[in-house]
$ cat my_file_37.cif   # mmCIF, C-alpha atoms
data_start
loop_
_atom_site.label_atom_id
_atom_site.label_comp_id
_atom_site.auth_asym_id
_atom_site.auth_seq_id
_atom_site.Cartn_x
_atom_site.Cartn_y
_atom_site.Cartn_z
CA MET A 1356 118.60 -137.21 -96.65
CA ALA A 1357 115.04 -137.35 -97.90
CA ALA A 1358 114.79 -140.96 -96.80
CA ALA A 1359 115.09 -139.86 -93.16
CA GLU A 1360 111.80 -137.99 -93.44
CA TRP A 1361 109.83 -141.14 -94.35
CA ARG A 1362 107.74 -142.56 -91.53
CA VAL A 1363 106.21 -145.98 -90.99
CA PRO A 1364 102.46 -145.53 -90.55
CA ARG A 1365 101.40 -146.27 -86.99
CA LEU A 1366 99.40 -149.47 -86.63
CA PRO A 1367 95.92 -148.32 -85.64
CA GLN A 1368 94.89 -149.31 -82.13
CA ARG A 1369 91.39 -150.74 -82.35
CA LYS A 1370 89.34 -153.47 -80.83
CA PRO A 1371 90.70 -156.84 -82.00
CA ALA A 1372 88.69 -158.61 -84.70
CA VAL A 1373 86.79 -161.78 -83.95
CA THR A 1374 89.27 -164.62 -83.56
CA ARG A 1375 88.98 -168.41 -83.64
CA ALA A 1376 89.16 -168.55 -79.84
CA GLN A 1377 86.29 -166.08 -79.50
CA ILE A 1378 84.21 -168.01 -82.02
CA GLU A 1379 84.80 -171.23 -80.07
CA THR A 1380 83.67 -169.49 -76.88
CA ILE A 1381 80.52 -168.16 -78.56
CA ILE A 1382 79.66 -171.56 -80.02
CA ALA A 1383 80.25 -173.34 -76.72
CA ARG A 1384 78.11 -170.92 -74.71
CA ALA A 1385 75.34 -171.05 -77.31
CA LEU A 1386 75.43 -174.85 -76.95
CA GLY A 1387 75.15 -174.49 -73.18
CA VAL A 1388 72.04 -172.31 -73.55
CA VAL A 1389 70.49 -174.63 -76.16
CA GLY A 1390 71.12 -177.63 -73.93
CA LEU A 1391 69.36 -175.99 -70.99
CA VAL A 1392 66.38 -174.97 -73.15
CA PHE A 1393 65.91 -178.39 -74.73
CA GLY A 1394 66.50 -180.08 -71.39
CA ALA A 1395 63.77 -177.98 -69.77
CA GLN A 1396 61.47 -178.82 -72.69
CA SER A 1397 61.98 -182.58 -72.37
CA LEU A 1398 61.95 -182.84 -68.56
CA PRO A 1399 58.13 -182.92 -68.09
CA LEU A 1400 57.78 -185.62 -70.76
CA ALA A 1401 60.62 -187.60 -69.19
CA LEU A 1402 58.79 -187.57 -65.85
CA ASP A 1403 55.55 -188.68 -67.53
CA GLN A 1404 57.25 -191.59 -69.31
CA ALA A 1405 59.30 -192.75 -66.32
CA ASP A 1406 56.64 -195.38 -65.46
CA ALA A 1407 57.00 -196.98 -68.90
CA LEU A 1408 60.63 -197.86 -68.18
CA GLY A 1409 61.97 -200.53 -65.89
CA VAL A 1410 62.53 -199.89 -62.23
CA GLY A 1411 65.28 -197.28 -61.83
CA ALA A 1412 65.92 -197.07 -65.59
CA GLY A 1413 64.06 -193.79 -66.04
CA ALA A 1414 65.81 -192.17 -63.10
CA ALA A 1415 69.21 -193.38 -64.35
CA LEU A 1416 68.60 -192.01 -67.85
CA MET A 1417 67.41 -188.66 -66.54
CA ALA A 1418 70.32 -188.40 -64.13
CA GLY A 1419 72.81 -189.17 -66.88
CA LEU A 1420 71.41 -186.94 -69.63
CA PHE A 1421 70.19 -183.98 -67.56
CA GLY A 1422 73.29 -184.15 -65.43
CA GLY A 1423 75.33 -184.11 -68.64
CA ILE A 1424 73.46 -181.00 -69.80
CA ALA A 1425 74.15 -179.27 -66.48
CA ALA A 1426 77.84 -180.21 -66.67
CA LEU A 1427 77.93 -178.98 -70.25
CA ALA A 1428 76.46 -175.62 -69.24
CA VAL A 1429 79.01 -175.22 -66.43
CA ALA A 1430 81.91 -176.18 -68.71
CA THR A 1431 80.88 -173.70 -71.41
CA VAL A 1432 80.55 -170.84 -68.93
CA ALA A 1433 83.87 -171.62 -67.24
CA LYS A 1434 85.55 -172.47 -70.59
CA VAL A 1435 87.05 -175.58 -69.01
CA ALA A 1436 86.88 -179.12 -70.52
CA VAL A 1437 84.22 -178.10 -73.04
CA ARG A 1438 85.31 -180.68 -75.61
CA ALA A 1439 85.38 -183.45 -73.01
CA ALA A 1440 81.88 -182.54 -71.76
CA CYS A 1441 80.56 -182.57 -75.33
CA LEU A 1442 82.12 -185.96 -76.07
CA VAL A 1443 80.72 -187.47 -72.87
CA PHE A 1444 77.19 -186.21 -73.56
CA ALA A 1445 77.26 -187.29 -77.23
CA GLY A 1446 78.49 -190.76 -76.27
CA PHE A 1447 76.02 -191.19 -73.43
CA TYR A 1448 73.15 -190.10 -75.68
CA VAL A 1449 74.00 -192.77 -78.27
CA ALA A 1450 74.16 -195.38 -75.50
CA ALA A 1451 70.81 -194.21 -74.10
CA LEU A 1452 69.22 -194.32 -77.55
CA ALA A 1453 70.52 -197.82 -78.23
CA ALA A 1454 69.36 -199.06 -74.81
CA TRP A 1455 65.90 -197.46 -74.99
CA PRO A 1456 64.07 -200.51 -76.49
CA LEU A 1457 65.57 -202.71 -73.76
CA LEU A 1458 64.67 -200.30 -70.97
CA VAL A 1459 61.01 -199.85 -71.91
CA SER A 1460 59.07 -202.43 -69.87
CA ASP A 1461 55.55 -201.17 -70.61
CA PRO A 1462 55.25 -199.86 -74.22
CA ALA A 1463 51.52 -199.28 -73.74
CA ALA A 1464 52.27 -196.64 -71.12
CA LEU A 1465 53.87 -194.50 -73.82
CA ASP A 1466 50.46 -194.28 -75.52
CA GLY A 1467 52.07 -193.54 -78.90
CA ALA A 1468 53.91 -190.47 -77.56
CA VAL A 1469 57.33 -189.41 -78.83
CA PRO A 1470 60.13 -190.74 -76.58
CA TRP A 1471 61.55 -187.85 -74.59
CA LEU A 1472 65.06 -188.64 -75.89
CA TYR A 1473 64.02 -187.12 -79.23
CA TYR A 1474 64.05 -183.60 -77.83
CA LEU A 1475 67.73 -183.96 -76.91
CA CYS A 1476 68.82 -185.22 -80.33
CA THR A 1477 69.78 -181.71 -81.50
CA VAL A 1478 71.83 -181.16 -78.35
CA ALA A 1479 73.74 -184.38 -79.03
CA THR A 1480 74.43 -183.59 -82.69
CA THR A 1481 75.58 -180.06 -81.74
CA CYS A 1482 77.93 -181.55 -79.15
CA ALA A 1483 79.37 -183.77 -81.87
CA ALA A 1484 79.81 -180.75 -84.17
CA VAL A 1485 81.71 -178.91 -81.43
CA ALA A 1486 83.93 -181.78 -80.27
CA LEU A 1487 84.58 -183.90 -83.38
CA PRO A 1488 86.25 -183.23 -86.74
CA PRO A 1489 83.73 -182.28 -89.47
CA VAL A 1490 83.72 -185.73 -91.12
CA TRP A 1491 83.01 -187.59 -87.87
CA ALA A 1492 80.50 -184.96 -86.79
CA ALA A 1493 78.65 -185.35 -90.10
CA ALA A 1494 78.55 -189.14 -89.66
CA TYR A 1495 77.16 -188.70 -86.14
CA THR A 1496 74.56 -186.23 -87.44
CA PHE A 1497 73.18 -188.84 -89.86
CA ILE A 1498 73.57 -192.01 -87.79
CA VAL A 1499 71.95 -190.86 -84.55
CA PRO A 1500 68.68 -189.58 -86.10
CA ALA A 1501 68.56 -192.78 -88.16
CA MET A 1502 68.76 -194.79 -84.93
CA TYR A 1503 65.89 -192.76 -83.54
CA GLY A 1504 63.85 -193.26 -86.71
CA VAL A 1505 64.21 -197.05 -86.39
CA ILE A 1506 63.17 -196.94 -82.73
CA ARG A 1507 60.25 -194.63 -83.45
CA PHE A 1508 58.12 -197.15 -85.35
CA THR A 1509 58.77 -199.94 -82.82
CA PRO A 1510 56.48 -200.42 -79.82
CA ALA A 1511 59.18 -198.99 -77.53
CA GLY A 1512 59.20 -195.83 -79.63
CA GLY A 1513 55.47 -195.26 -79.72
CA GLU A 1514 54.84 -197.50 -82.74
CA ALA A 1515 54.50 -194.51 -85.09
CA PRO A 1516 53.68 -195.00 -88.78
CA PRO A 1517 56.84 -195.48 -90.87
CA LEU A 1518 56.31 -192.20 -92.71
CA LEU A 1519 56.05 -190.24 -89.45
CA ALA A 1520 59.15 -191.98 -88.09
CA VAL A 1521 61.08 -191.10 -91.26
CA LEU A 1522 59.92 -187.48 -91.14
CA ASP A 1523 60.97 -187.14 -87.49
CA ALA A 1524 64.39 -188.56 -88.32
CA LEU A 1525 64.77 -186.29 -91.37
CA TYR A 1526 63.85 -183.24 -89.29
CA ALA A 1527 66.59 -184.10 -86.80
CA VAL A 1528 69.07 -184.65 -89.65
CA VAL A 1529 68.26 -181.33 -91.32
CA LEU A 1530 68.55 -179.42 -88.06
CA GLY A 1531 71.83 -181.14 -87.23
CA VAL A 1532 73.28 -180.47 -90.70
CA VAL A 1533 72.35 -176.78 -90.48
CA VAL A 1534 74.04 -176.45 -87.10
CA LEU A 1535 77.12 -178.31 -88.32
CA ALA A 1536 77.35 -176.11 -91.44
CA ILE A 1537 77.07 -172.90 -89.39
CA ILE A 1538 79.75 -174.01 -86.91
CA THR A 1539 82.10 -175.10 -89.70
CA MET A 1540 81.70 -171.84 -91.63
CA LEU A 1541 82.22 -169.72 -88.52
CA ARG A 1542 85.38 -171.62 -87.66
CA GLU A 1543 86.80 -171.32 -91.17
CA ALA A 1544 86.00 -167.61 -91.34
CA ALA A 1545 87.61 -166.97 -87.96
CA SER A 1546 90.70 -168.97 -88.94
CA ALA A 1547 90.99 -166.90 -92.11
CA VAL A 1548 90.76 -163.70 -90.06
CA ASP A 1549 93.44 -164.95 -87.67
CA ALA A 1550 95.74 -165.83 -90.57
CA ALA A 1551 95.18 -162.43 -92.21
CA GLN A 1552 95.88 -160.62 -88.94
CA GLU A 1553 99.07 -162.55 -88.36
CA ALA A 1554 100.25 -161.91 -91.93
CA ALA A 1555 99.51 -158.19 -91.58
CA LEU A 1556 101.40 -158.00 -88.29
CA GLU A 1557 104.37 -159.80 -89.78
CA ARG A 1558 104.42 -157.42 -92.73
CA TYR A 1559 104.15 -154.43 -90.42
CA ASP A 1560 107.00 -155.68 -88.23
CA LEU A 1561 109.13 -156.20 -91.33
CA VAL A 1562 108.42 -152.69 -92.62
CA ALA A 1563 109.15 -151.21 -89.20
CA ARG A 1564 112.50 -153.01 -88.98
CA GLN A 1565 113.37 -151.94 -92.52
CA HIS A 1566 112.48 -148.38 -91.58
CA ALA A 1567 114.78 -148.57 -88.54
CA THR A 1568 117.59 -149.90 -90.71
CA GLU A 1569 117.05 -147.19 -93.32
CA THR A 1570 117.02 -144.50 -90.65
CA GLU A 1571 120.27 -145.85 -89.25
CA ARG A 1572 121.83 -145.97 -92.71
CA VAL A 1573 120.92 -142.34 -93.37
CA LYS A 1574 122.34 -141.41 -89.98
CA VAL A 1575 125.62 -143.21 -90.71
CA ASP A 1576 125.80 -141.66 -94.19
CA ALA A 1577 125.40 -138.22 -92.68
CA LEU A 1578 128.01 -138.99 -90.05
CA VAL A 1579 130.50 -140.22 -92.62
CA HIS A 1580 129.87 -137.21 -94.85
CA ASP A 1581 129.90 -134.55 -92.11
CA SER A 1582 132.71 -135.94 -89.95
CA VAL A 1583 134.89 -138.55 -91.59
CA LEU A 1584 135.13 -137.18 -95.13
CA THR A 1585 135.47 -133.61 -93.89
CA THR A 1586 138.26 -134.68 -91.54
CA LEU A 1587 140.08 -136.58 -94.31
CA LEU A 1588 139.83 -133.61 -96.68
CA SER A 1589 141.07 -131.26 -93.97
CA ALA A 1590 143.98 -133.54 -93.14
CA ALA A 1591 144.91 -133.89 -96.81
CA SER A 1592 145.03 -130.13 -97.31
CA ALA A 1593 146.69 -129.24 -94.00
CA THR A 1594 150.06 -127.55 -94.55
CA SER A 1595 150.64 -125.49 -91.43
CA GLU A 1596 150.98 -126.69 -87.87
CA GLY A 1597 147.68 -125.07 -86.87
CA GLU A 1598 145.81 -126.77 -89.70
CA GLN A 1599 147.35 -130.10 -88.72
CA GLN A 1600 146.27 -129.65 -85.09
CA LEU A 1601 142.75 -128.77 -86.25
CA ALA A 1602 142.66 -131.89 -88.42
CA ALA A 1603 143.80 -133.99 -85.44
CA ARG A 1604 141.04 -132.57 -83.24
CA MET A 1605 138.50 -133.22 -86.01
CA ALA A 1606 139.74 -136.79 -86.30
CA ARG A 1607 139.38 -137.39 -82.55
CA ASP A 1608 135.86 -135.94 -82.66
CA ALA A 1609 134.93 -138.13 -85.65
CA LEU A 1610 136.22 -141.26 -83.90
CA HIS A 1611 134.24 -140.36 -80.79
CA ARG A 1612 131.04 -139.92 -82.80
CA LEU A 1613 131.62 -143.21 -84.62
CA ASP A 1614 132.04 -144.97 -81.27
CA GLU A 1615 128.79 -143.47 -80.02
CA ALA A 1616 126.97 -144.54 -83.18
CA GLY A 1617 128.29 -148.08 -82.89
CA ALA A 1618 127.30 -148.29 -79.22
CA SER A 1619 123.76 -147.11 -79.79
CA GLY A 1620 123.05 -149.50 -82.70
CA PRO A 1621 119.95 -149.41 -84.82
CA ARG A 1622 116.66 -148.84 -83.01
CA ALA A 1623 113.10 -148.98 -84.20
CA PHE A 1624 111.39 -145.97 -82.60
CA GLU A 1625 107.93 -146.82 -83.91
CA ARG A 1626 105.67 -148.16 -81.20
CA VAL A 1627 102.80 -150.63 -81.38
CA GLY A 1628 100.17 -151.65 -78.86
CA LEU A 1629 100.70 -154.48 -76.39
CA SER A 1630 97.66 -156.13 -78.00
CA VAL A 1631 99.86 -156.78 -81.06
CA LEU A 1632 102.21 -158.88 -78.92
CA VAL A 1633 99.26 -160.67 -77.31
CA ARG A 1634 97.83 -161.64 -80.70
CA ARG A 1635 101.23 -162.86 -81.92
CA LEU A 1636 101.65 -165.04 -78.82
CA ARG A 1637 98.12 -166.45 -79.16
CA ALA A 1638 98.88 -167.28 -82.79
CA ALA A 1639 102.12 -169.01 -81.72
CA LEU A 1640 100.21 -171.10 -79.16
CA THR A 1641 98.11 -172.61 -81.94
CA THR A 1642 101.26 -174.32 -83.27
CA PHE A 1643 101.77 -176.25 -79.99
CA ASN A 1644 100.02 -179.52 -79.22
CA THR A 1645 100.09 -178.58 -75.53
CA ASN A 1646 97.61 -176.21 -73.90
CA PHE A 1647 98.69 -172.96 -72.25
CA ALA A 1648 96.25 -170.91 -70.20
CA VAL A 1649 96.55 -167.26 -71.28
CA ARG A 1650 95.87 -164.40 -68.87
CA VAL A 1651 96.10 -160.77 -70.00
CA VAL A 1652 95.89 -157.81 -67.61
CA ASN A 1653 96.04 -154.07 -68.31
CA ALA A 1654 96.93 -154.45 -71.99
CA GLY A 1655 94.83 -151.49 -73.16
CA GLY A 1656 96.72 -148.28 -73.89
CA VAL A 1657 100.19 -149.84 -73.46
CA GLU A 1658 102.60 -149.24 -76.37
CA LEU A 1659 106.04 -150.77 -76.88
CA PRO A 1660 108.80 -150.24 -79.47
CA VAL A 1661 108.66 -152.65 -82.40
CA GLU A 1662 112.05 -154.18 -81.62
CA VAL A 1663 110.99 -154.77 -78.00
CA VAL A 1664 107.82 -156.53 -79.13
CA ASP A 1665 109.93 -158.73 -81.40
CA ALA A 1666 112.38 -159.59 -78.59
CA LEU A 1667 109.63 -160.31 -76.05
CA TYR A 1668 107.79 -162.49 -78.56
CA THR A 1669 110.87 -164.54 -79.48
CA ALA A 1670 111.98 -164.98 -75.85
CA SER A 1671 108.45 -165.97 -74.76
CA VAL A 1672 108.16 -168.57 -77.51
CA GLN A 1673 111.55 -169.99 -76.49
CA ALA A 1674 110.35 -170.22 -72.88
CA MET A 1675 107.19 -172.02 -74.01
CA VAL A 1676 109.23 -174.43 -76.13
CA ASN A 1677 111.47 -175.17 -73.14
CA SER A 1678 108.39 -175.87 -71.00
CA VAL A 1679 106.90 -178.22 -73.60
CA GLN A 1680 110.17 -180.09 -74.00
CA HIS A 1681 111.33 -180.38 -70.39
CA ALA A 1682 108.47 -179.84 -67.90
CA GLU A 1683 106.71 -183.19 -68.23
CA GLU A 1684 107.46 -186.09 -65.95
CA PRO A 1685 106.22 -189.69 -66.26
CA GLY A 1686 102.73 -190.21 -64.90
CA ARG A 1687 101.79 -186.54 -64.46
CA ARG A 1688 100.76 -183.90 -66.97
CA ALA A 1689 102.05 -180.41 -66.25
CA ARG A 1690 99.81 -177.32 -66.26
CA ARG A 1691 101.16 -174.36 -68.19
CA GLU A 1692 100.24 -170.71 -68.19
CA ILE A 1693 101.40 -167.49 -69.82
CA ARG A 1694 100.59 -164.23 -68.06
CA ILE A 1695 100.92 -160.89 -69.86
CA ARG A 1696 100.65 -157.70 -67.83
CA GLY A 1697 100.90 -154.11 -69.00
CA VAL A 1698 102.76 -151.71 -66.70
CA ARG A 1699 101.51 -148.15 -66.95
CA ALA A 1700 101.63 -146.87 -70.53
CA GLY A 1701 105.01 -148.17 -71.66
CA GLY A 1702 106.00 -151.35 -69.89
CA CYS A 1703 105.25 -155.06 -69.97
CA VAL A 1704 105.83 -158.14 -67.83
CA ILE A 1705 105.41 -161.64 -69.27
CA GLU A 1706 105.50 -164.81 -67.18
CA VAL A 1707 105.68 -168.29 -68.70
CA ALA A 1708 104.98 -170.73 -65.88
CA ASP A 1709 104.44 -174.44 -65.38
CA ASN A 1710 104.17 -176.81 -62.42
CA GLY A 1711 106.36 -179.42 -64.04
CA ILE A 1712 109.50 -181.22 -63.07
CA GLY A 1713 111.60 -178.06 -62.57
CA PHE A 1714 115.38 -177.75 -62.56
CA GLU A 1715 118.29 -175.91 -60.97
CA PRO A 1716 119.20 -172.90 -63.18
CA ASP A 1717 122.74 -172.72 -61.76
CA ARG A 1718 123.50 -176.20 -63.07
CA VAL A 1719 122.50 -175.56 -66.69
CA PRO A 1720 125.61 -176.19 -68.86
CA SER A 1721 127.09 -173.09 -70.49
CA GLU A 1722 126.81 -174.63 -73.95
CA ARG A 1723 122.98 -174.72 -73.61
CA LEU A 1724 121.97 -171.50 -75.36
CA GLY A 1725 118.18 -171.66 -74.94
CA LEU A 1726 118.19 -169.73 -71.65
CA ARG A 1727 121.34 -167.63 -71.87
CA VAL A 1728 121.14 -166.40 -75.47
CA SER A 1729 117.56 -166.91 -76.63
CA ILE A 1730 116.01 -165.45 -73.47
CA GLU A 1731 118.39 -163.58 -71.14
CA GLU A 1732 120.68 -161.86 -73.64
CA ARG A 1733 117.87 -161.18 -76.11
CA ILE A 1734 115.87 -159.26 -73.48
CA ALA A 1735 118.95 -157.53 -72.09
CA ASN A 1736 119.88 -156.27 -75.57
CA VAL A 1737 116.65 -154.23 -75.79
CA GLY A 1738 116.93 -152.76 -72.29
CA GLY A 1739 114.86 -155.26 -70.34
CA ASN A 1740 115.63 -158.00 -67.90
CA SER A 1741 114.61 -161.60 -67.29
CA GLU A 1742 114.53 -163.94 -64.34
CA ILE A 1743 114.17 -167.71 -64.14
CA ALA A 1744 112.73 -169.16 -60.94
CA SER A 1745 112.79 -172.94 -60.72
CA ARG A 1746 113.64 -175.80 -58.44
CA PRO A 1747 113.22 -179.54 -58.86
CA GLY A 1748 109.66 -180.68 -58.25
CA HIS A 1749 108.21 -177.17 -58.02
CA GLY A 1750 107.91 -176.08 -61.62
CA THR A 1751 109.46 -173.17 -63.50
CA THR A 1752 108.54 -169.52 -64.02
CA VAL A 1753 110.34 -167.47 -66.67
CA THR A 1754 109.71 -163.74 -66.16
CA LEU A 1755 110.44 -161.20 -68.89
CA ALA A 1756 110.20 -157.46 -68.16
CA TRP A 1757 110.61 -154.37 -70.28
CA PRO A 1758 111.95 -151.91 -69.40
CA ALA A 1759 114.15 -153.28 -66.66
CA GLY A 1760 112.24 -151.51 -63.87
CA ALA A 1761 108.85 -152.84 -64.98
CA LEU A 1762 109.31 -156.03 -62.98
CA GLY A 1763 109.16 -153.97 -59.82
CA GLY A 1764 105.87 -152.41 -60.95
CA ASP A 1765 107.04 -148.99 -62.19
CA ALA A 1766 107.90 -148.47 -65.83
CA VAL A 1767 111.14 -146.53 -66.27
CA ALA A 1768 112.77 -145.24 -69.37
CA PRO A 1769 114.99 -147.66 -71.26
CA GLY A 1770 118.50 -147.41 -70.04
CA GLY A 1771 117.40 -146.44 -66.54
CA ALA A 1772 118.27 -148.22 -63.36
CA SER A 1773 117.56 -151.87 -63.28
CA GLY A 1774 117.39 -154.04 -60.25
CA ALA A 1775 114.10 -155.75 -60.50
CA ALA A 1776 112.16 -157.43 -57.78
CA PRO A 1777 112.39 -161.18 -57.50
CA ALA A 1778 110.37 -163.19 -59.92
CA ALA A 1779 107.24 -165.06 -59.02
CA GLY A 1780 107.57 -168.41 -57.37
CA GLY A 1781 108.20 -171.59 -59.27
CA ASP A 1782 104.70 -173.04 -58.86
CA ALA A 1783 102.30 -172.36 -61.69
#

$ encode --input "my_file_37.cif" --output "C-alpha cells"
Amino acid sequence: MAAAEWRVPRLPQRKPAVTRAQIETIIARALGVVGLVFGAQSLPLALDQADALGVGAGAALMAGLFGGIAALAVATVAKVAVRAACLVFAGFYVAALAAWPLLVSDPAALDGAVPWLYYLCTVATTCAAVALPPVWAAAYTFIVPAMYGVIRFTPAGGEAPPLLAVLDALYAVVLGVVVLAIITMLREAASAVDAAQEAALERYDLVARQHATETERVKVDALVHDSVLTTLLSAASATSEGEQQLAARMARDALHRLDEAGASGPRAFERVGLSVLVRRLRAALTTFNTNFAVRVVNAGGVELPVEVVDALYTASVQAMVNSVQHAEEPGRRARREIRIRGVRAGGCVIEVADNGIGFEPDRVPSERLGLRVSIEERIANVGGNSEIASRPGHGTTVTLAWPAGALGGDAVAPGGASGAAPAAGGDA
C-alpha cells in the first residue's frame, strides 16, 4: 500500500523558454530595424549620385532597393512571408550590383565617392543568412562583397586604389560572417532547447502514465484483498445457512465493486498546464512540410489531466495529418490553421481548420478509422467531444473540446452533461 502514497511531482508552470520560433521572430525583426537604419543612411548618398546614372536608372534602383527594405520591415513586423521578402531583396541586390557599371553614365560625377549600394551590403548578406541554408548563405556572404570590391576600383565604383577596394570588401565580409555566425548559433541553441523541452515533456508524460497505472494496480490489489479473497475465505468456511447467506451477499458486493472498478478504468489525476499541450503541438508542426498558422488564446492558468492532454495531442495531430493528406486540390494551395483556446481554469477547445477541398462526413466509409477511432472515440474516452464540420469546396474544421461542455463556452466537470454547441464553420 505504500506505493499509493507516491506522487508524481507537478510540472512547474513557468514562462516558456526561448524557442526556435521566438528566435526566428527576433532575428527577423532585428533585420527589419537594421534594414531601415542602413536604408536611411544610404538614401542621401543615393540622391546625390542619381545624376551619375542613366536616365531613370537611379530612380529604378532606389525604388527597387528601398521598396524592398520597406517590404522587408512590414513582413518582419507582421511575421508573414519573411523568407520570401529576404530572398527577393538579396536577389535584387545582386542584380543591382552586377548592373551598376552598366548603369553609371557619368563616372566623373561620382567624384571618387563610395557607391551608395555599399551601405546596403550588410542588409543583403543578413537577408541571405535568414533565408538560405548556412552553406549557401556563407557563399553569398563572400561572393557579394567580392563583387563590390571589383566594382570599387573601376571608374563606375569611384576608381578607388586596389588596397582600399580590398579593405572595403573585407570589411563587408567580416561583418557578414559575424552576423551569419550569430544567427546560426542562436538557431542551434534554440533548437537544442526545443529538443530538451520536448524530451522532458515526454518523460514527464511517461512517468505520469506509469503513476496512474501503479495507482490503479494498488487499488485493484486492495480490492482483491479486501473483497474477493475475504469473500472466498468466508465461503470456504461457511457451514451454517446464515454464514452461507452472508458469503453470498459478500460475493454480490465484491462483483459489484469489480464492475465499478472496470467501468472507471485507470485515470491519471495529475494535471499539467495547457502550455504543455501547446508546446507539444508546436513541436509536432515542425515535422510537417506544410505550414499551419497557430493561434493560442487564454492558455495561462488552464490545467488539464495528463491523459486528456495526451488524447487531445494525438487527436489534433491526426486531424493535421488528415488535412495535409486530403485538403489540397490541383492548382490551389490550402491555408491551414490550428486554434487553441483555454476555457476557464479547466477546459480546452482545439480547432484544426483548412479552406481546402472539403468532404461530406456522412459519406466516409466505416472502415476508415482516422476520424472515428483516432479522433472521435479517443476524445470521447476521456470525457470530451469532437465535431467535424465540412462540405465540398468549403474546407474542413475539426473541433475538439474537453470537457464535453467546453465547446459551449462553460467548462463542466468530466462526466457532466454534454451537448455542445455546433462547431465553427468549414471555412478556415

$ residues_near_point --input "my_file_37.cif" --point "(69.8, -191.0, -84.4)" --cutoff "8 Å" --atoms "only C-alpha atoms" --output "list in words"
Val1449, Leu1452, Cys1476, Tyr1495, Thr1496, Phe1497, Ile1498, Val1499, Pro1500, Ala1501, Met1502, Tyr1503, Gly1504, Ala1524 and Ala1527 of chain A

$ closest_residue --input "my_file_37.cif" --among "A:Leu1472, A:Ala1428, A:Ala1689, A:Ile1537" --to "Ala1405 (chain A)" --atoms "all atoms listed in the file"
A:Leu1472

$ atom_distance --input "my_file_37.cif" --atom1 "CA of Ala1439 (chain A)" --atom2 "CA of Gly1423 (chain A)"
11.0 Å

$ residues_around --input "my_file_37.cif" --residues "region 1634-1641 of chain A" --least-positions-apart "2" --cutoff "7 Å" --atoms "all atoms listed in the file" --output "list in words"
Glu1553, Ser1630, Val1631, Leu1632, Phe1643 and Tyr1668 of chain A

$ residues_around --input "my_file_37.cif" --residues "Asp1709 (chain A)" --least-positions-apart "5" --cutoff "6 Å" --atoms "all atoms listed in the file" --output "ChimeraX atom specification"
/A:1690-1691,1750-1751,1783

$ resolve_selection --input "my_file_37.cif" --expression "the PyMOL selection byres ((chain A and resi 1708) around 12)" --output "ChimeraX atom specification"
/A:1647-1650,1671,1674-1679,1682,1689-1695,1705-1707,1709-1713,1742-1745,1749-1755,1778-1783

$ closest_residue --input "my_file_37.cif" --among "A:Thr1594, A:Thr1480, A:Thr1431, A:Gln1673" --to "Tyr1448 (chain A)" --atoms "all atoms listed in the file"
A:Thr1480

$ atom_distance --input "my_file_37.cif" --atom1 "CA of Pro1470 (chain A)" --atom2 "CA of Gly1512 (chain A)"
6.0 Å

$ atom_distance --input "my_file_37.cif" --atom1 "CA of Ile1424 (chain A)" --atom2 "CA of Gly1390 (chain A)"
5.8 Å

$ resolve_selection --input "my_file_37.cif" --expression "the PyMOL selection byres ((chain A and resi 1481-1494) around 8)" --output "number ranges by chain"
A: 1382-1383, 1386, 1438-1439, 1441-1442, 1444-1445, 1477-1480, 1495-1498, 1531-1532, 1534-1535, 1538-1539

$ axis_aligned_box --input "my_file_37.cif" --around "region 1424-1427 of chain A" --padding-each-side "5 Å" --output "AutoDock Vina command-line options"
--center_x 75.7 --center_y -180.0 --center_z -68.4 --size_x 14.5 --size_y 12.0 --size_z 13.8

$ residues_around --input "my_file_37.cif" --residues "Arg1542 (chain A)" --least-positions-apart "6" --cutoff "8 Å" --atoms "only C-alpha atoms" --output "PyMOL selection string"
chain A and resi 1375+1378-1379

$ residues_around --input "my_file_37.cif" --residues "Trp1471 (chain A)" --least-positions-apart "3" --cutoff "12 Å" --atoms "only C-alpha atoms" --output "ChimeraX atom specification"
/A:1393-1405,1407-1408,1413,1416-1417,1420-1421,1448,1451-1452,1455,1465,1467-1468,1474-1476,1503,1507,1511-1513
